[in-house]
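Scroll down for the structure; my scribbles are underneath it.
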Amino acid sequence: MSLRLRLIGLIAGALALSLALGAAIACLNASRSVETEMRSAATVARQLIETGIARLGAAGRPREDLEALIASFRGNRHLRVYLTSDGTAMAVPTLEMPAFGKVPGWFVRLVGVASETTRIPVSVRGEDSGAVIIETDPRNEILEIWNSFADSAVMLVLFFGPTMLLVWLFLGRALRPLDRLAAALGGIGQGDYRIRLGGRLPRELSPLRDSFNRMAGQLSEATGENRRLNEQLLTLQEQERGDIARDLHDEIGPFLFAINIDASNISRHVDEGRLPPVRGHVQSIVEAVGHMQRQVRSMLGRLRPIGLAEFGLAEALANLVEFWRRRNPEIAYRLDIAPDAAGFGELLDATVYRIIQECLSNAMRHGGPTAVSVSLGRRQTGRDGEEEFTITVADDGQGMATPAGIGYGLRGMSERVKALGGDLVISSTPGQGLVVTATLPCAGAAAREAAERALTP
């Protein structure tokens with residue numbers, strides 16, 4: 001059932017309940033009113049008849065006067081009056097014509113006022129002349145109340161019909177923006193993030209429209225950003241594959257060719273019985289294999305940090321710092337890892353390692369520092385006890401002259417951090433060094449790690 005029909009049904013139900021309650025109260029009051037009216041008419045008639053009977057003894061025609069007394073009640077709406085000793089002396093109320101048909105029996109029973117009888121003995125000059133009977137007849141009064149009810153019901157029907165029509169039209173107009181919102185949400189579900197809602201709306205629906213437009217705008221921006229990141233990812237993958245292919249071709253291929261030549265020479269010398277030259281060719285093969293092992297290890301290090309999974313983040317970072325210390329011993333290195341920040345899981349450990357690796361590489365290539373410090377720690381965010389961990393890499397080198405100096409490495413770090421719901425801040429003063437600070441939420445990172453583990457076959 002539509003919302004419009006539900007609202008109209010609710011209004012109709014409330015109105016019907018109000019009418020039922022009002023009708024019940026009206027019926028109770030009607031019953032009291034009829035009963036009071038009948039009792040009042042009977043009391044007045046009793047007083048009149050008793051007064052008339054008291055005067056009969058002084059009259060010369062008591063019988064005629066008694067009949068005249070009874071006849072005086074003809075035309076009364078509520079009483080039937082007659083003389084028991086004379087069936088012709090009777091006053092019967094005239095029943096009125098109903099305007100809306102005969103009064104239903106259920107309404108008569110609902111009012112529930114029965115006829116009452118009063119007997120007044122008649123004695124003229126000591127002789128019993130029968131009795132005057134007064135009977136109340138509530139039918140005309142009940143008919144009057146029924147006509148009043150019917151008039152009210154007709155007025156309510158005439159009021160109810162136009163009111164429901166107006167409510168139907170008003171609700172249709174008021175709910176039309178929700179139809180537009182539903183259509184817009186359907187478009188969003190199909191991937192059309194250019195949809196925006198406009199036009200004037202009621203004050204209650206304006207925030208909903210504004211929220212929808214903001215959501216559509218953010219989805220559009222997020223889709224564009226995802227598309228750009230996917231393109232960049234594909235580009236980086238192709239670049240990485242090209243680098244690996246070039247390394248295999250330039251570094252591994254020649255040594256494999258040299259090994260093949262040395263193996264052929266060894267075979268030839270053995271066939272000719274000359275063993276002394278074999279030693280030199282074997283040594284050449286050993287050197288070639290050692291060189292290829294170093295190259296393969298270097299390539300694997302670019303694809304996956306060596307020792308990270310085996311020994312943990314702290315050991316891998318210590319090896320990374322030692323790698324640069326052997327090549328640049330004149331620089332002072334400082335590695336500070338808090339006890340509660342020694343490891344964050346496979347995904348986060350790799351991200352932290354890559355961020356620090358890129359920062360150190362940039363410092364050595366472009367900064368010319370005399371000191372480099374790396375620190376990892378946890379801290380409270382102040383939001384419901386949530387925690388975040390921070391990565392800070394600082395050097396005292398040349399710094400970065402302009403923001404335009406941000407290259408693919410720093411941009412890649414920023415995208416790694418944003419993908420995990422964190423922030424990356426780069427602060428630099430020319431000639432005074434560079435500070436890179438990455439902040440990652442612990443809860444969000446753990447959730448992503450769990451999701452990736454769940455999706456890994």
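In the structure tokens, each chain is lettered A, B, ... as it comes, each chain's residues begin at 1, and ligands are numbered from 1 in order of appearance.
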Which polymer residues have any atom within 9 Å of an atom of segment 245-250 of chain A, counting only C-alpha atoms, with same-chain residues fewer than 4 positions away left out, as a list in words? Glu240, Arg241, Pro254, Gln295, Val296 and Met299 of chain A
Convert the current residue selection to file output with C-alpha atoms, as a PDB file, in the first residue's frame.
ATOM      1  CA  GLU A 240      57.137  -2.201 -13.002  1.00  0.00           C
ATOM      2  CA  ARG A 241      56.796  -4.986 -15.533  1.00  0.00           C
ATOM      3  CA  PRO A 254      74.037 -11.797 -20.323  1.00  0.00           C
ATOM      4  CA  GLN A 295      70.037  -9.209  -8.898  1.00  0.00           C
ATOM      5  CA  VAL A 296      67.085 -11.514  -8.213  1.00  0.00           C
ATOM      6  CA  MET A 299      64.206  -7.429  -7.769  1.00  0.00           C
TER       7      MET A 299
END
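For Glu144 of chain A, the set of protein, DNA and RNA residues having any atom at most 12 Å away, when counting only C-alpha atoms and skipping those fewer than 6 positions along the same chain, is Ala30, Ser33, Val34, Arg77, His78, Leu95, Glu96, Met97, Pro98, Ala99, Phe100, Gly101, Lys102, Val103, Val108, Pro138, Ala150 and Asp151 of chain A.
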Excluding Val289 of chain A and residues on its chain fewer than 6 positions from it, collect all residues at most 10 Å away from it, counting only C-alpha atoms, and give them as a tab-separated table (two decimals) with N, CA and C atoms, in the first residue's frame.
chain	number	residue	atom	x	y	z
A	252	ILE	N	70.29	-10.38	-16.06
A	252	ILE	CA	70.26	-11.84	-15.97
A	252	ILE	C	70.62	-12.48	-17.30
A	255	PHE	N	74.44	-12.91	-18.21
A	255	PHE	CA	75.12	-13.90	-17.37
A	255	PHE	C	74.65	-15.32	-17.69
A	256	LEU	N	73.38	-15.48	-18.03
A	256	LEU	CA	72.94	-16.80	-18.48
A	256	LEU	C	73.66	-17.20	-19.77
A	259	ILE	N	77.14	-18.16	-18.77
A	259	ILE	CA	77.15	-19.50	-18.17
A	259	ILE	C	77.06	-20.56	-19.25
A	283	GLN	N	84.83	-21.30	-12.08
A	283	GLN	CA	84.84	-20.09	-11.25
A	283	GLN	C	83.99	-18.99	-11.88
A	295	GLN	N	71.01	-9.96	-8.10
A	295	GLN	CA	70.04	-9.21	-8.90
A	295	GLN	C	68.61	-9.67	-8.62
Applying 12 Å and only C-alpha atoms, which residues near Gly431 of chain A remain after dropping the ones on its own chain fewer than 3 positions away? List them as a PyMOL selection string. chain A and resi 366-369+395-402+428+434
May I have the residues from that selection written out with C-alpha atoms, as a PDB file, in the first residue's frame?
ATOM      1  CA  HIS A 366      67.695  14.917  -3.308  1.00  0.00           C
ATOM      2  CA  GLY A 367      68.150  16.221   0.239  1.00  0.00           C
ATOM      3  CA  GLY A 368      71.836  15.784   1.069  1.00  0.00           C
ATOM      4  CA  PRO A 369      71.085  15.537   4.834  1.00  0.00           C
ATOM      5  CA  ASP A 395      65.833  15.084   7.682  1.00  0.00           C
ATOM      6  CA  ASP A 396      67.901  18.290   7.829  1.00  0.00           C
ATOM      7  CA  GLY A 397      68.687  18.408   4.138  1.00  0.00           C
ATOM      8  CA  GLN A 398      67.923  20.953   1.458  1.00  0.00           C
ATOM      9  CA  GLY A 399      64.170  20.571   1.765  1.00  0.00           C
ATOM     10  CA  MET A 400      61.737  21.085  -1.081  1.00  0.00           C
ATOM     11  CA  ALA A 401      61.712  24.437  -2.845  1.00  0.00           C
ATOM     12  CA  THR A 402      58.133  24.359  -4.172  1.00  0.00           C
ATOM     13  CA  SER A 428      59.384  21.656   4.236  1.00  0.00           C
ATOM     14  CA  LEU A 434      61.797  17.928   5.068  1.00  0.00           C
TER      15      LEU A 434
END
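In this comparison, which uses only C-alpha atoms, the residue of A:Ser361, A:Thr437, A:Arg279, A:Thr429 approaching Ile391 of chain A most closely is A:Thr437.
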Long-range neighbours of Ile49 of chain A as a PyMOL selection string, 9 Å cut-off, only C-alpha atoms, 5 positions minimum in chain: chain A and resi 44+54+66+69-70+120+132
Filtering to C-alpha atoms, could you give me those residues as a short mmCIF file (atom, residue, chain, number, x, y, z; two decimals), in the first residue's frame?
data_model
loop_
_atom_site.label_atom_id
_atom_site.label_comp_id
_atom_site.auth_asym_id
_atom_site.auth_seq_id
_atom_site.Cartn_x
_atom_site.Cartn_y
_atom_site.Cartn_z
CA VAL A 44 -47.38 17.91 34.03
CA ALA A 54 -60.78 17.67 42.02
CA LEU A 66 -63.96 14.42 32.49
CA LEU A 69 -60.28 16.95 30.28
CA ILE A 70 -59.02 13.88 28.51
CA ILE A 120 -55.04 8.17 38.53
CA VAL A 132 -57.37 7.96 34.04
#
I'd like to know which residues of segment 346-382 of chain A are strand (DSSP E) (by DSSP, run on the backbone); could you write them as a JSON list (two decimals) with N, CA and C atoms, in the first residue's frame?
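The new file selection09.json reads:
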[["chain", "number", "residue", "atom", "x", "y", "z"],
["A", 371, "ALA", "N", 71.55, 14.29, 8.94],
["A", 371, "ALA", "CA", 70.86, 13.48, 9.96],
["A", 371, "ALA", "C", 69.46, 13.15, 9.45],
["A", 372, "VAL", "N", 69.05, 11.91, 9.73],
["A", 372, "VAL", "CA", 67.72, 11.44, 9.35],
["A", 372, "VAL", "C", 67.14, 10.69, 10.54],
["A", 373, "SER", "N", 65.87, 10.98, 10.88],
["A", 373, "SER", "CA", 65.22, 10.28, 11.99],
["A", 373, "SER", "C", 63.91, 9.67, 11.51],
["A", 374, "VAL", "N", 63.65, 8.45, 12.01],
["A", 374, "VAL", "CA", 62.42, 7.73, 11.69],
["A", 374, "VAL", "C", 61.77, 7.32, 13.01],
["A", 375, "SER", "N", 60.47, 7.63, 13.17],
["A", 375, "SER", "CA", 59.79, 7.27, 14.42],
["A", 375, "SER", "C", 58.40, 6.74, 14.10],
["A", 376, "LEU", "N", 57.97, 5.73, 14.90],
["A", 376, "LEU", "CA", 56.63, 5.15, 14.81],
["A", 376, "LEU", "C", 56.03, 5.14, 16.19],
["A", 377, "GLY", "N", 54.73, 5.47, 16.30],
["A", 377, "GLY", "CA", 54.07, 5.45, 17.60],
["A", 377, "GLY", "C", 52.56, 5.42, 17.46],
["A", 378, "ARG", "N", 51.89, 5.21, 18.60],
["A", 378, "ARG", "CA", 50.43, 5.22, 18.68],
["A", 378, "ARG", "C", 49.99, 6.38, 19.55],
["A", 379, "ARG", "N", 48.74, 6.84, 19.31],
["A", 379, "ARG", "CA", 48.17, 7.89, 20.15],
["A", 379, "ARG", "C", 46.65, 7.82, 20.09],
["A", 380, "GLN", "N", 46.02, 8.38, 21.14],
["A", 380, "GLN", "CA", 44.57, 8.44, 21.20],
["A", 380, "GLN", "C", 44.08, 9.59, 20.33]]
Residue contacts of segment 189-192 of chain A (12 Å, only C-alpha atoms) excluding same-chain residues fewer than 4 positions away, as a CSV table (one decimal) with C-alpha atoms, in the first residue's frame:
chain,number,residue,atom,x,y,z
A,182,ALA,CA,13.4,7.8,-5.6
A,183,ALA,CA,14.0,8.3,-9.3
A,184,ALA,CA,17.3,10.1,-8.6
A,185,LEU,CA,18.4,7.3,-6.3
A,196,ARG,CA,21.1,16.7,-8.9
A,216,ALA,CA,26.0,12.6,-5.5
A,217,GLY,CA,28.8,15.1,-5.7
A,219,LEU,CA,30.3,9.9,-5.3
A,220,SER,CA,31.1,11.6,-8.6
A,223,THR,CA,34.4,7.7,-9.0
A,224,GLY,CA,36.7,10.1,-10.8
Just list the residues in segment 106-223 of chain A DSSP gives alpha helix (DSSP H) on the backbone, as a ChimeraX atom specification. /A:106-111,139-189,206-223
Kindly indicate which residue among A:Gln293, A:Ser298, A:Ser31, A:Thr439 lies nearest to Leu420 of chain A, using only C-alpha atoms for the distances. A:Thr439
